[in-house]
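Next comes start_26.cif, a file with mmCIF, C-alpha atoms.
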```
data_upload
#
loop_
_atom_site.label_atom_id
_atom_site.label_comp_id
_atom_site.auth_asym_id
_atom_site.auth_seq_id
_atom_site.Cartn_x
_atom_site.Cartn_y
_atom_site.Cartn_z
CA MET A 1 254.97 74.65 128.41
CA LYS A 2 254.83 78.43 128.79
CA LYS A 3 258.33 78.41 130.26
CA LEU A 4 259.64 76.36 127.33
CA LEU A 5 257.97 78.67 124.82
CA PHE A 6 259.39 81.79 126.49
CA ARG A 7 262.87 80.26 126.63
CA THR A 8 262.64 79.27 122.98
CA LEU A 9 261.58 82.75 121.89
CA SER A 10 264.29 84.37 124.01
CA PHE A 11 266.93 82.02 122.62
CA PHE A 12 265.81 82.71 119.06
CA ASN A 13 265.86 86.46 119.69
CA ILE A 14 269.45 86.22 120.90
CA ILE A 15 270.88 83.99 118.17
CA GLU A 16 269.05 85.90 115.44
CA SER A 17 271.29 88.89 116.13
CA LYS A 18 274.43 86.81 115.58
CA ILE A 19 276.24 87.28 112.29
CA ALA A 20 276.39 83.51 111.66
CA PHE A 21 272.66 82.80 112.14
CA TYR A 22 271.24 83.25 108.65
CA PRO A 23 274.40 81.98 106.87
CA THR A 24 274.17 78.77 108.91
CA VAL A 25 270.46 78.29 108.17
CA LEU A 26 270.91 78.91 104.45
CA ALA A 27 273.99 76.67 104.34
CA LEU A 28 271.94 73.79 105.78
CA PHE A 29 269.26 74.54 103.20
CA GLY A 30 271.87 74.31 100.43
CA ILE A 31 272.94 70.85 101.65
CA PHE A 32 269.34 69.67 101.89
CA PHE A 33 268.57 71.03 98.43
CA ALA A 34 271.59 69.19 96.98
CA PHE A 35 270.33 65.86 98.35
CA LEU A 36 266.85 66.65 97.01
CA LEU A 37 268.30 67.21 93.54
CA MET A 38 270.24 63.95 93.82
CA TYR A 39 266.98 62.16 94.53
CA LEU A 40 265.31 63.82 91.55
CA GLU A 41 268.27 62.78 89.39
CA SER A 42 267.65 59.18 90.40
CA LEU A 43 264.10 59.57 89.06
CA GLY A 44 265.46 60.62 85.65
CA ILE A 45 264.84 64.37 85.64
CA SER A 46 268.01 65.03 83.62
CA LYS A 47 267.02 62.42 81.05
CA TYR A 48 263.64 64.10 80.63
CA LEU A 49 265.24 67.55 80.29
CA LEU A 50 267.79 66.21 77.81
CA ASP A 51 264.99 64.93 75.59
CA LYS A 52 262.90 68.12 75.81
CA ALA A 53 265.54 70.91 76.00
CA PRO A 54 269.03 69.49 75.34
CA ILE A 55 270.57 72.96 75.07
CA LEU A 56 270.09 73.46 78.83
CA VAL A 57 271.81 70.24 79.86
CA VAL A 58 275.53 69.60 80.26
CA ASP A 59 275.92 66.02 79.00
CA ASN A 60 279.70 65.78 79.46
CA GLY A 61 281.06 64.77 82.88
CA THR A 62 284.38 66.55 82.49
CA THR A 63 282.70 69.78 81.44
CA ALA A 64 280.30 69.58 84.38
CA MET A 65 283.13 68.98 86.85
CA THR A 66 285.12 71.87 85.40
CA LEU A 67 282.16 74.23 85.67
CA LEU A 68 281.35 73.29 89.25
CA SER A 69 285.01 73.46 90.30
CA ALA A 70 285.30 76.96 88.83
CA PHE A 71 282.07 78.03 90.57
CA ILE A 72 283.28 76.74 93.93
CA SER A 73 286.71 78.37 93.77
CA GLY A 74 285.26 81.67 92.51
CA LEU A 75 282.55 81.82 95.18
CA ILE A 76 285.06 81.05 97.93
CA SER A 77 287.07 84.09 96.80
CA VAL A 78 283.92 86.20 96.79
CA ILE A 79 282.88 85.09 100.26
CA VAL A 80 286.34 85.82 101.68
CA PHE A 81 286.19 89.31 100.22
CA SER A 82 282.66 89.82 101.55
CA PHE A 83 283.61 88.77 105.08
CA SER A 84 286.62 91.10 104.89
CA MET A 85 284.32 93.97 103.93
CA VAL A 86 282.03 93.20 106.88
CA MET A 87 284.95 93.22 109.29
CA LEU A 88 286.17 96.52 107.81
CA LEU A 89 282.70 98.00 108.24
CA LEU A 90 282.55 96.96 111.88
CA SER A 91 286.05 98.27 112.57
CA GLN A 92 285.36 101.68 111.04
CA ALA A 93 281.99 102.02 112.75
CA SER A 94 283.56 101.18 116.11
CA SER A 95 286.47 103.60 115.77
CA ASN A 96 284.67 106.48 114.05
CA TYR A 97 281.25 106.42 115.70
CA SER A 98 280.62 104.15 118.68
CA PRO A 99 281.31 100.53 119.71
CA ARG A 100 277.65 100.29 120.75
CA LEU A 101 276.71 100.27 117.05
CA LEU A 102 278.31 96.86 116.47
CA PRO A 103 275.41 94.65 117.66
CA GLY A 104 273.00 96.50 115.39
CA LEU A 105 275.31 96.31 112.37
CA ILE A 106 276.12 92.64 112.99
CA SER A 107 272.41 91.81 113.14
CA ASP A 108 271.79 93.39 109.72
CA LYS A 109 269.76 90.67 108.01
CA LYS A 110 270.73 91.81 104.50
CA HIS A 111 274.40 91.06 105.05
CA GLN A 112 273.64 87.78 106.76
CA ILE A 113 271.32 86.58 104.01
CA ILE A 114 273.81 87.46 101.26
CA LEU A 115 276.59 85.58 103.03
CA GLY A 116 274.16 82.69 103.50
CA ILE A 117 273.43 82.63 99.75
CA TYR A 118 277.16 82.31 99.08
CA LEU A 119 277.58 79.45 101.55
CA SER A 120 274.49 77.55 100.40
CA THR A 121 275.55 77.76 96.75
CA ILE A 122 279.11 76.63 97.52
CA LEU A 123 277.93 73.65 99.55
CA TYR A 124 275.33 72.76 96.92
CA ASN A 125 277.95 72.76 94.15
CA ILE A 126 280.34 70.67 96.27
CA PHE A 127 277.76 67.93 96.89
CA ILE A 128 276.64 67.91 93.27
CA LEU A 129 280.28 67.65 92.21
CA PHE A 130 280.64 64.48 94.30
CA SER A 131 277.70 62.89 92.48
CA ILE A 132 279.14 63.26 88.97
CA GLN A 133 280.42 60.13 87.25
CA PRO A 134 282.62 61.37 84.38
CA THR A 135 283.02 57.87 82.87
CA GLY A 136 279.30 57.17 82.69
CA ASP A 137 276.93 57.77 79.75
CA LYS A 138 275.14 61.06 79.21
CA TYR A 139 272.07 59.94 81.16
CA GLN A 140 274.17 59.47 84.31
CA ILE A 141 275.39 63.08 84.27
CA PRO A 142 273.29 65.25 86.70
CA GLY A 143 272.64 67.82 84.01
CA PHE A 144 269.67 69.42 85.70
CA SER A 145 271.58 69.75 89.00
CA VAL A 146 274.47 71.39 87.17
CA LEU A 147 271.99 73.82 85.56
CA VAL A 148 270.65 74.73 88.98
CA GLY A 149 274.25 75.29 90.14
CA VAL A 150 274.79 77.69 87.23
CA VAL A 151 271.63 79.60 88.14
CA GLY A 152 272.69 79.73 91.80
CA THR A 153 276.10 81.12 90.85
CA VAL A 154 274.49 83.84 88.71
CA ILE A 155 272.30 84.76 91.69
CA CYS A 156 275.44 84.98 93.84
CA ILE A 157 276.99 87.41 91.35
CA TYR A 158 274.01 89.74 91.57
CA ALA A 159 273.92 89.30 95.35
CA PHE A 160 277.57 90.36 95.47
CA ILE A 161 276.77 93.52 93.50
CA PHE A 162 273.94 94.31 95.91
CA PHE A 163 276.25 93.55 98.84
CA ILE A 164 278.83 96.09 97.65
CA HIS A 165 276.09 98.69 97.22
CA ASN A 166 274.49 97.99 100.58
CA ILE A 167 277.72 97.95 102.56
CA SER A 168 278.83 101.23 100.99
CA GLN A 169 275.54 102.72 102.18
CA SER A 170 275.73 101.15 105.64
CA ILE A 171 279.03 102.84 106.52
CA GLN A 172 277.62 106.32 105.86
CA ILE A 173 276.84 108.10 109.10
CA SER A 174 273.57 109.52 107.76
CA ASN A 175 272.24 106.00 107.20
CA ILE A 176 273.51 104.84 110.59
CA LEU A 177 271.71 107.72 112.31
CA LYS A 178 268.54 106.98 110.37
CA MET A 179 268.75 103.28 111.28
CA ILE A 180 269.12 104.06 115.00
CA TYR A 181 266.28 106.56 114.89
CA THR A 182 263.93 104.22 112.99
CA LYS A 183 264.52 101.28 115.35
CA SER A 184 264.14 103.46 118.43
CA LYS A 185 260.99 105.13 117.12
CA ASN A 186 259.38 101.81 116.20
CA ARG A 187 260.13 100.39 119.63
CA LEU A 188 258.92 103.55 121.39
CA ASP A 189 255.70 103.57 119.34
CA GLU A 190 255.13 99.96 120.32
CA VAL A 191 255.65 100.71 124.01
CA ILE A 192 253.33 103.74 123.94
CA GLU A 193 250.63 101.79 122.12
CA LYS A 194 250.70 99.02 124.74
CA GLU A 195 250.27 101.48 127.62
CA GLY A 196 246.65 102.18 126.83
CA PRO A 197 244.66 105.35 127.52
CA HIS A 198 244.08 104.81 131.25
CA LEU A 199 246.51 104.95 134.12
CA ALA A 200 245.86 102.01 136.41
CA THR A 201 246.69 102.55 140.06
CA PHE A 202 249.23 100.28 141.70
CA PRO A 203 249.71 99.96 145.48
CA ASP A 204 252.90 101.00 147.26
CA SER A 205 255.31 98.07 147.41
CA ASP A 206 257.77 99.32 150.05
CA ASP A 207 256.60 96.79 152.63
CA TRP A 208 256.31 93.85 150.21
CA TYR A 209 258.51 90.75 150.17
CA GLU A 210 261.69 91.37 148.17
CA TYR A 211 263.62 88.78 146.16
CA GLN A 212 267.07 88.92 144.54
CA SER A 213 268.37 88.00 141.10
CA GLU A 214 270.35 84.82 140.58
CA LYS A 215 272.04 85.75 137.30
CA SER A 216 274.02 88.61 135.80
CA GLY A 217 273.45 90.32 132.47
CA TYR A 218 271.39 92.97 130.72
CA LEU A 219 267.69 92.68 131.51
CA GLN A 220 266.37 91.89 128.06
CA ASN A 221 262.77 90.82 128.43
CA ILE A 222 260.05 89.73 130.86
CA SER A 223 257.19 87.42 129.90
CA TYR A 224 254.31 89.64 130.97
CA THR A 225 251.67 87.09 129.95
CA ASN A 226 253.18 84.38 132.13
CA MET A 227 253.67 86.79 135.02
CA ILE A 228 250.04 87.93 134.90
CA ASP A 229 248.93 84.28 134.88
CA PHE A 230 251.23 83.65 137.85
CA SER A 231 249.79 86.65 139.74
CA ILE A 232 246.23 85.48 139.13
CA GLU A 233 246.97 81.90 140.19
CA ASN A 234 248.73 82.99 143.40
CA ASN A 235 246.56 86.03 144.18
CA THR A 236 249.49 88.45 144.25
CA GLN A 237 250.98 91.46 142.49
CA LEU A 238 254.57 91.86 141.33
CA HIS A 239 256.83 94.91 141.15
CA PHE A 240 259.99 94.50 139.04
CA LEU A 241 262.63 96.89 140.35
CA PRO A 242 265.35 97.23 137.61
CA PHE A 243 264.36 98.92 134.39
CA LYS A 244 264.68 97.14 131.07
CA GLY A 245 268.16 97.33 129.59
CA ASN A 246 269.82 97.78 132.98
CA PHE A 247 272.75 95.52 133.82
CA ILE A 248 271.68 93.14 136.57
CA LEU A 249 274.25 91.89 139.07
CA ASN A 250 273.83 88.61 140.87
CA GLY A 251 272.19 89.12 144.27
CA ILE A 252 270.67 92.59 143.80
CA PRO A 253 266.92 93.14 144.47
CA MET A 254 265.00 91.95 141.41
CA PHE A 255 261.30 92.06 142.25
CA ARG A 256 258.78 92.40 145.06
CA SER A 257 255.71 90.31 145.73
CA LYS A 258 252.60 91.21 147.67
CA ILE A 259 252.60 87.77 149.31
CA LYS A 260 255.47 85.62 150.51
CA LEU A 261 256.62 83.16 147.86
CA GLU A 262 258.10 79.70 148.10
CA LYS A 263 261.43 78.82 146.48
CA ASP A 264 259.80 77.09 143.50
CA GLN A 265 257.54 80.12 142.93
CA VAL A 266 260.54 82.47 142.97
CA ASP A 267 262.31 80.20 140.48
CA GLN A 268 259.22 80.23 138.27
CA ILE A 269 259.32 84.04 138.13
CA LEU A 270 263.07 84.22 137.53
CA ASN A 271 262.77 81.67 134.71
CA ASN A 272 260.46 84.07 132.88
CA ILE A 273 263.14 86.79 132.84
CA SER A 274 265.68 86.70 130.00
CA TYR A 275 269.16 88.20 130.10
CA ALA A 276 271.66 89.08 127.40
CA ARG A 277 275.29 90.14 127.25
CA GLU A 278 274.66 92.78 124.62
CA GLU A 279 272.03 95.44 124.00
CA LEU A 280 269.83 95.88 120.94
CA VAL A 281 267.75 98.94 120.05
CA GLU A 282 264.90 96.64 118.99
CA ASP A 283 264.56 95.50 122.60
CA ASN A 284 265.27 98.77 124.42
CA TYR A 285 264.57 102.19 122.94
CA VAL A 286 266.74 103.87 125.59
CA LEU A 287 269.79 102.44 123.84
CA GLY A 288 268.90 104.57 120.81
CA PHE A 289 269.28 107.72 122.93
CA LYS A 290 272.61 106.43 124.23
CA GLN A 291 273.94 105.64 120.78
CA LEU A 292 272.95 109.01 119.34
CA SER A 293 274.54 110.88 122.25
CA GLU A 294 277.73 108.81 121.93
CA ILE A 295 277.91 109.59 118.22
CA ILE A 296 277.67 113.29 119.11
CA LEU A 297 280.54 112.97 121.59
CA LYS A 298 282.65 110.99 119.12
CA ALA A 299 281.99 113.51 116.36
CA MET A 300 283.10 116.36 118.60
CA SER A 301 286.30 114.65 119.73
CA PRO A 302 289.53 116.45 118.70
CA GLY A 303 290.55 113.57 116.43
CA ILE A 304 287.36 113.74 114.34
CA ASN A 305 285.92 117.25 114.87
CA ASP A 306 282.73 116.79 112.82
CA PRO A 307 280.06 119.19 114.15
CA GLY A 308 277.85 118.47 111.13
CA THR A 309 277.36 114.87 112.26
CA ALA A 310 276.67 116.07 115.81
CA ILE A 311 273.98 118.45 114.55
CA ASN A 312 272.32 115.66 112.54
CA ALA A 313 272.30 113.41 115.61
CA ILE A 314 270.71 116.20 117.67
CA ASP A 315 267.92 116.45 115.07
CA TYR A 316 267.11 112.75 115.54
CA LEU A 317 267.35 113.11 119.32
CA THR A 318 264.83 115.93 119.14
CA GLU A 319 262.26 113.75 117.40
CA LEU A 320 262.81 110.87 119.83
CA PHE A 321 262.46 113.12 122.87
CA ALA A 322 259.26 114.59 121.44
CA LEU A 323 257.88 111.07 121.11
CA ARG A 324 259.11 110.07 124.57
CA MET A 325 257.16 112.98 126.08
CA GLN A 326 253.97 111.11 125.18
CA LYS A 327 254.96 108.11 127.31
CA LYS A 328 254.22 107.57 130.98
CA ASP A 329 257.01 107.24 133.50
CA LEU A 330 255.12 104.32 135.06
CA ASN A 331 254.73 101.01 133.26
CA ILE A 332 251.81 99.13 134.78
CA ILE A 333 250.71 95.90 133.12
CA ARG A 334 247.08 94.97 133.62
CA ARG A 335 244.46 92.54 132.39
CA ASP A 336 240.78 93.47 132.31
CA GLU A 337 241.70 96.85 133.85
CA ILE A 338 243.18 95.11 136.92
CA PRO A 339 246.87 95.96 137.56
CA TYR A 340 249.05 92.92 138.20
CA LEU A 341 252.58 94.03 137.32
CA LYS A 342 254.61 97.17 137.76
CA VAL A 343 257.83 97.44 135.77
CA LYS A 344 260.29 100.22 136.43
CA THR A 345 261.14 102.42 133.46
CA ILE A 346 263.67 105.21 133.17
CA ASP A 347 262.00 108.54 133.90
CA PHE A 348 261.87 111.27 131.28
CA LYS A 349 263.74 113.54 133.67
CA ASP A 350 266.58 111.04 134.10
CA LEU A 351 266.70 110.21 130.40
CA LEU A 352 266.88 113.88 129.40
CA TYR A 353 269.50 114.60 132.06
CA GLN A 354 271.73 111.63 131.15
CA VAL A 355 271.76 112.64 127.49
CA MET A 356 272.18 116.35 128.09
CA VAL A 357 274.83 116.06 130.81
CA ALA A 358 277.13 114.19 128.44
CA VAL A 359 276.47 116.40 125.43
CA ARG A 360 276.60 119.78 127.15
CA THR A 361 279.66 118.83 129.21
CA TYR A 362 281.63 117.75 126.16
CA CYS A 363 280.28 120.33 123.69
CA LYS A 364 279.80 123.38 125.92
CA HIS A 365 282.64 125.21 124.17
CA ASP A 366 280.95 125.01 120.75
CA VAL A 367 278.55 127.88 120.07
CA THR A 368 276.84 126.18 117.13
CA LEU A 369 275.97 123.06 119.12
CA ASN A 370 274.77 125.10 122.07
CA GLN A 371 272.43 126.97 119.76
CA LYS A 372 271.20 123.69 118.31
CA LEU A 373 270.56 122.26 121.77
CA LEU A 374 268.63 125.36 122.80
CA VAL A 375 266.51 125.05 119.66
CA MET A 376 265.88 121.39 120.54
CA LEU A 377 264.74 122.25 124.07
CA HIS A 378 262.59 125.08 122.75
CA TYR A 379 260.94 122.69 120.30
CA LEU A 380 260.23 120.18 123.08
CA LEU A 381 258.54 122.87 125.15
CA HIS A 382 255.85 123.18 122.46
CA GLN A 383 255.16 119.45 122.02
CA LYS A 384 252.29 117.46 123.43
CA THR A 385 253.17 115.69 126.64
CA TYR A 386 251.65 113.14 128.96
CA ASN A 387 252.95 114.92 132.06
CA LYS A 388 253.14 118.71 132.37
CA ASP A 389 256.14 118.29 134.70
CA TYR A 390 258.19 117.36 131.65
CA TYR A 391 258.19 121.04 130.66
CA ASP A 392 259.86 121.97 133.98
CA TYR A 393 262.58 119.36 133.40
CA ILE A 394 263.25 120.83 129.97
CA LYS A 395 263.58 124.34 131.42
CA GLU A 396 266.04 123.05 134.02
CA GLU A 397 268.22 121.54 131.29
CA ALA A 398 268.11 124.77 129.31
CA SER A 399 269.32 126.66 132.39
CA LEU A 400 272.15 124.17 132.98
CA LEU A 401 273.14 124.31 129.32
CA LEU A 402 273.35 128.09 129.34
CA SER A 403 275.31 128.07 132.61
CA ASP A 404 277.92 125.64 131.26
CA ALA A 405 278.19 127.57 128.01
CA LYS A 406 278.86 130.84 129.83
CA GLY A 407 281.66 129.18 131.81
CA ALA A 408 283.33 127.64 128.74
CA ILE A 409 282.90 130.38 126.09
CA LYS A 410 285.08 133.46 126.54
CA ASN A 411 283.83 135.61 123.68
CA PRO A 412 281.22 138.06 125.05
CA VAL A 413 279.50 138.32 121.67
CA ASP A 414 278.89 134.56 121.59
CA ILE A 415 277.64 134.58 125.18
CA GLU A 416 275.29 137.47 124.43
CA ARG A 417 273.93 135.62 121.38
CA LEU A 418 273.22 132.47 123.36
CA THR A 419 271.64 134.43 126.20
CA SER A 420 269.39 136.35 123.81
CA LEU A 421 268.35 133.12 122.13
CA ALA A 422 267.48 131.51 125.47
CA ASP A 423 265.62 134.64 126.65
CA SER A 424 263.57 134.81 123.45
CA PHE A 425 262.49 131.19 123.85
CA THR A 426 261.53 131.71 127.48
CA PHE A 427 259.60 134.87 126.63
CA LYS A 428 257.62 133.08 123.94
CA LEU A 429 256.86 130.26 126.33
CA ASN A 430 255.59 132.65 129.00
CA GLU A 431 253.39 134.32 126.41
CA ALA A 432 251.96 130.95 125.42
CA ALA A 433 251.28 130.12 129.08
CA GLU A 434 249.48 133.44 129.61
CA ASP A 435 247.33 132.83 126.54
CA GLU A 436 246.28 129.46 127.93
#
```

How does the structure come out when it is put into structure tokens?
Amino acid sequence: MKKLLFRTLSFFNIIESKIAFYPTVLALFGIFFAFLLMYLESLGISKYLLDKAPILVVDNGTTAMTLLSAFISGLISVIVFSFSMVMLLLSQASSNYSPRLLPGLISDKKHQIILGIYLSTILYNIFILFSIQPTGDKYQIPGFSVLVGVVGTVICIYAFIFFIHNISQSIQISNILKMIYTKSKNRLDEVIEKEGPHLATFPDSDDWYEYQSEKSGYLQNISYTNMIDFSIENNTQLHFLPFKGNFILNGIPMFRSKIKLEKDQVDQILNNISYAREELVEDNYVLGFKQLSEIILKAMSPGINDPGTAINAIDYLTELFALRMQKKDLNIIRRDEIPYLKVKTIDFKDLLYQVMVAVRTYCKHDVTLNQKLLVMLHYLLHQKTYNKDYYDYIKEEASLLLSDAKGAIKNPVDIERLTSLADSFTFKLNEAAEDE
């Protein structure tokens, strides 16, 4: 039962990010609602409405058919235009910023819901159109259903206006940066909150029994609850080797167990691990760092040359790094203070290096960006941290940044300015250390 529940949640998490998910659900709702209205028509709802409020009811079959036909053809044109705008948005975001942004933009629920409203209204009007009998008397005309179709079409018009507004906002790089930052921050806050205040010890697993993966894909999620229950039932502890968001190849070491496991037990563990072929920031905060760094590189490419966007992205990176400094490098899952699982996470040192090595290598010739990066590192040196070693990693990156800048920048005035800026930050840090 737990396996089925985990598989169901994983499947829903995957399909929810697809652009056709909400449109499909709402389209099915439109069909169901049309049949519901047909049933209510058979009970005489239009006759009752015609007696009480005749101005709201269309009592002519030809007029009703004309209205519904016009609504259907008009909404089809609107939906074609809307889909074209979505494709244009995705194309521009991919070419101007980063292809990694596409999964996040595709999974935008606002766009999906608006497209779903179009589809549900079109399908509703089509089914109601089939039920009209133009040669019958006025009580056989589904007047109430036609009224609902009119209301639905008006809603679609306002939804289209909102769609144009929202899509014009979505393509702006400032909103894209804010979206990436917000999703990454929320996920990082969630991870930090789950860690708890105490660091549970976990034994060394070098001599444990090692087992390989049987699938390929991005490691999306692990059912920690099921794995803890498994560890308790089998009196073992588990160490998952790849970190979340890493691409898993078939046959590589996947996890270690304190005791030797049977084939069915290994399968039970592997069945509680979900894979995906795409990455989402909601599932892995590290992807937010990757996307922001890639936007910086794209902005500084010769074809775009937009240092302003790169500076804005560095500002968001600064806040995310400051938050990441409060997280442990070890992810130990426990129940009742007893550690059962150890899940590998990317170290702060590696995360900072991977981001900085790309940015400083590609932007080392730009004095403005080098100054901004030095300010970022200086800011991080004065933030609260879980591990004091993080400060040493930041100093190392500042040294590497200054070294690359000196090799790429030829103007001695610019080099002197960067050196003075770095020296002033280091001097202030030493003073702070002496005061402590």

- One decimal, Å: what's the distance from atom CA of Val58 of chain A over to atom CA of Ser145 of chain A, could you say? 9.6 Å

- Task: Name the residues that the PyMOL selection byres ((chain A and resi 219-223) around 7) picks from the file above, as an NGL selection string, using the file's chain letters and numbers.
- Result: :A and (6 or 217-218 or 224-227 or 244-248 or 272-276 or 283)

- In Å, with one decimal, what is the gap from atom CA of Phe144 of chain A to atom CA of Ile161 of chain A?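 Separation between atom CA of Phe144 of chain A and atom CA of Ile161 of chain A: 26.3 Å.
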
- To verify the selection step, state as a PyMOL selection string which residues the PyMOL selection byres ((chain A and resi 318-330) around 6) yields on this input. chain A and resi 192+315-317+331+347+376+380+385-386

- What is the distance between atom CA of Phe202 of chain A and atom CA of Lys258 of chain A, in Å to one decimal?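 One can read the atom CA of Phe202 of chain A to atom CA of Lys258 of chain A distance as 11.4 Å.
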
- Residues matched by the PyMOL selection byres ((chain A and resi 361-375) around 7), written as a ChimeraX atom specification: /A:297,311,357-360,376-379,398,404-405,408-409,414,418,422

Expected axis-aligned box over every listed atom of segment 410-425 of chain A, 8 Å added per side, centre plus edges in Å to one decimal, as lines of an AutoDock Vina configuration file:
```
center_x = 273.8
center_y = 134.8
center_z = 124.0
size_x = 38.6
size_y = 23.1
size_z = 21.3
```

I want to know what sits within 7 Å of segment 336-346 of chain A, based on all atoms listed in the file, with residues of the same chain fewer than 3 positions away left out; could you give that as a short mmCIF file (atom, residue, chain, number, x, y, z; two decimals) with C-alpha atoms, keeping the file's coordinate frame?
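This is the output file part26.cif:
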```cif
data_model
loop_
_atom_site.label_atom_id
_atom_site.label_comp_id
_atom_site.auth_asym_id
_atom_site.auth_seq_id
_atom_site.Cartn_x
_atom_site.Cartn_y
_atom_site.Cartn_z
CA ALA A 200 245.86 102.01 136.41
CA PHE A 202 249.23 100.28 141.70
CA ILE A 228 250.04 87.93 134.90
CA SER A 231 249.79 86.65 139.74
CA GLN A 237 250.98 91.46 142.49
CA LEU A 238 254.57 91.86 141.33
CA HIS A 239 256.83 94.91 141.15
CA PHE A 240 259.99 94.50 139.04
CA LEU A 241 262.63 96.89 140.35
CA PRO A 242 265.35 97.23 137.61
CA PHE A 243 264.36 98.92 134.39
CA LYS A 244 264.68 97.14 131.07
CA ASP A 329 257.01 107.24 133.50
CA LEU A 330 255.12 104.32 135.06
CA ASN A 331 254.73 101.01 133.26
CA ILE A 332 251.81 99.13 134.78
CA ILE A 333 250.71 95.90 133.12
CA ASP A 350 266.58 111.04 134.10
CA LEU A 351 266.70 110.21 130.40
#
```

Residues of segment 114-208 of chain A that have any atom at most 9 Å from an atom of segment 24-35 of chain A: could you tabulate them with the shortest-distance atom pair and the distance in Å to one decimal, using all atoms listed in the file, ordered by chain and increasing number, as CSV?
```
residue,atom,partner,partner_atom,distance
A:Leu115,CA,A:Leu26,CA,8.9
A:Gly116,CA,A:Leu26,CA,5.1
A:Ile117,CA,A:Leu26,CA,6.5
A:Tyr118,CA,A:Ala27,CA,8.3
A:Leu119,CA,A:Ala27,CA,5.3
A:Ser120,CA,A:Ala27,CA,4.1
A:Thr121,CA,A:Gly30,CA,6.2
A:Ile122,CA,A:Gly30,CA,8.1
A:Leu123,CA,A:Ile31,CA,6.1
A:Tyr124,CA,A:Gly30,CA,5.2
A:Asn125,CA,A:Ala34,CA,7.8
A:Ile126,CA,A:Ala34,CA,8.9
A:Phe127,CA,A:Ala34,CA,6.3
A:Ile128,CA,A:Ala34,CA,6.4
A:Ser145,CA,A:Ala34,CA,8.0
```

Segment 70-83 of chain A from the block above: N, CA and C atoms written as a PDB file, in the first residue's frame:
```pdb
ATOM      1  N   ALA A  70     -20.869  30.637 -32.938  1.00  0.00           N
ATOM      2  CA  ALA A  70     -19.958  31.791 -32.911  1.00  0.00           C
ATOM      3  C   ALA A  70     -18.995  31.689 -31.728  1.00  0.00           C
ATOM      4  N   PHE A  71     -19.517  31.244 -30.570  1.00  0.00           N
ATOM      5  CA  PHE A  71     -18.649  31.092 -29.396  1.00  0.00           C
ATOM      6  C   PHE A  71     -17.552  30.059 -29.666  1.00  0.00           C
ATOM      7  N   ILE A  72     -17.922  28.948 -30.260  1.00  0.00           N
ATOM      8  CA  ILE A  72     -16.959  27.872 -30.503  1.00  0.00           C
ATOM      9  C   ILE A  72     -15.856  28.321 -31.455  1.00  0.00           C
ATOM     10  N   SER A  73     -16.262  28.922 -32.584  1.00  0.00           N
ATOM     11  CA  SER A  73     -15.267  29.356 -33.571  1.00  0.00           C
ATOM     12  C   SER A  73     -14.370  30.455 -33.007  1.00  0.00           C
ATOM     13  N   GLY A  74     -14.953  31.387 -32.233  1.00  0.00           N
ATOM     14  CA  GLY A  74     -14.155  32.461 -31.648  1.00  0.00           C
ATOM     15  C   GLY A  74     -13.173  31.952 -30.608  1.00  0.00           C
ATOM     16  N   LEU A  75     -13.623  31.020 -29.761  1.00  0.00           N
ATOM     17  CA  LEU A  75     -12.734  30.492 -28.722  1.00  0.00           C
ATOM     18  C   LEU A  75     -11.628  29.630 -29.310  1.00  0.00           C
ATOM     19  N   ILE A  76     -11.905  28.939 -30.407  1.00  0.00           N
ATOM     20  CA  ILE A  76     -10.851  28.165 -31.061  1.00  0.00           C
ATOM     21  C   ILE A  76      -9.753  29.098 -31.565  1.00  0.00           C
ATOM     22  N   SER A  77     -10.138  30.247 -32.112  1.00  0.00           N
ATOM     23  CA  SER A  77      -9.139  31.225 -32.562  1.00  0.00           C
ATOM     24  C   SER A  77      -8.325  31.757 -31.393  1.00  0.00           C
ATOM     25  N   VAL A  78      -9.015  32.000 -30.272  1.00  0.00           N
ATOM     26  CA  VAL A  78      -8.324  32.500 -29.089  1.00  0.00           C
ATOM     27  C   VAL A  78      -7.333  31.470 -28.552  1.00  0.00           C
ATOM     28  N   ILE A  79      -7.749  30.205 -28.520  1.00  0.00           N
ATOM     29  CA  ILE A  79      -6.873  29.180 -27.961  1.00  0.00           C
ATOM     30  C   ILE A  79      -5.659  28.939 -28.851  1.00  0.00           C
ATOM     31  N   VAL A  80      -5.838  29.047 -30.163  1.00  0.00           N
ATOM     32  CA  VAL A  80      -4.694  28.911 -31.075  1.00  0.00           C
ATOM     33  C   VAL A  80      -3.700  30.048 -30.841  1.00  0.00           C
ATOM     34  N   PHE A  81      -4.210  31.251 -30.673  1.00  0.00           N
ATOM     35  CA  PHE A  81      -3.331  32.388 -30.412  1.00  0.00           C
ATOM     36  C   PHE A  81      -2.619  32.226 -29.070  1.00  0.00           C
ATOM     37  N   SER A  82      -3.346  31.722 -28.066  1.00  0.00           N
ATOM     38  CA  SER A  82      -2.757  31.556 -26.738  1.00  0.00           C
ATOM     39  C   SER A  82      -1.647  30.518 -26.763  1.00  0.00           C
ATOM     40  N   PHE A  83      -1.876  29.396 -27.429  1.00  0.00           N
ATOM     41  CA  PHE A  83      -0.832  28.379 -27.534  1.00  0.00           C
ATOM     42  C   PHE A  83       0.381  28.923 -28.293  1.00  0.00           C
TER      43      PHE A  83
END
```
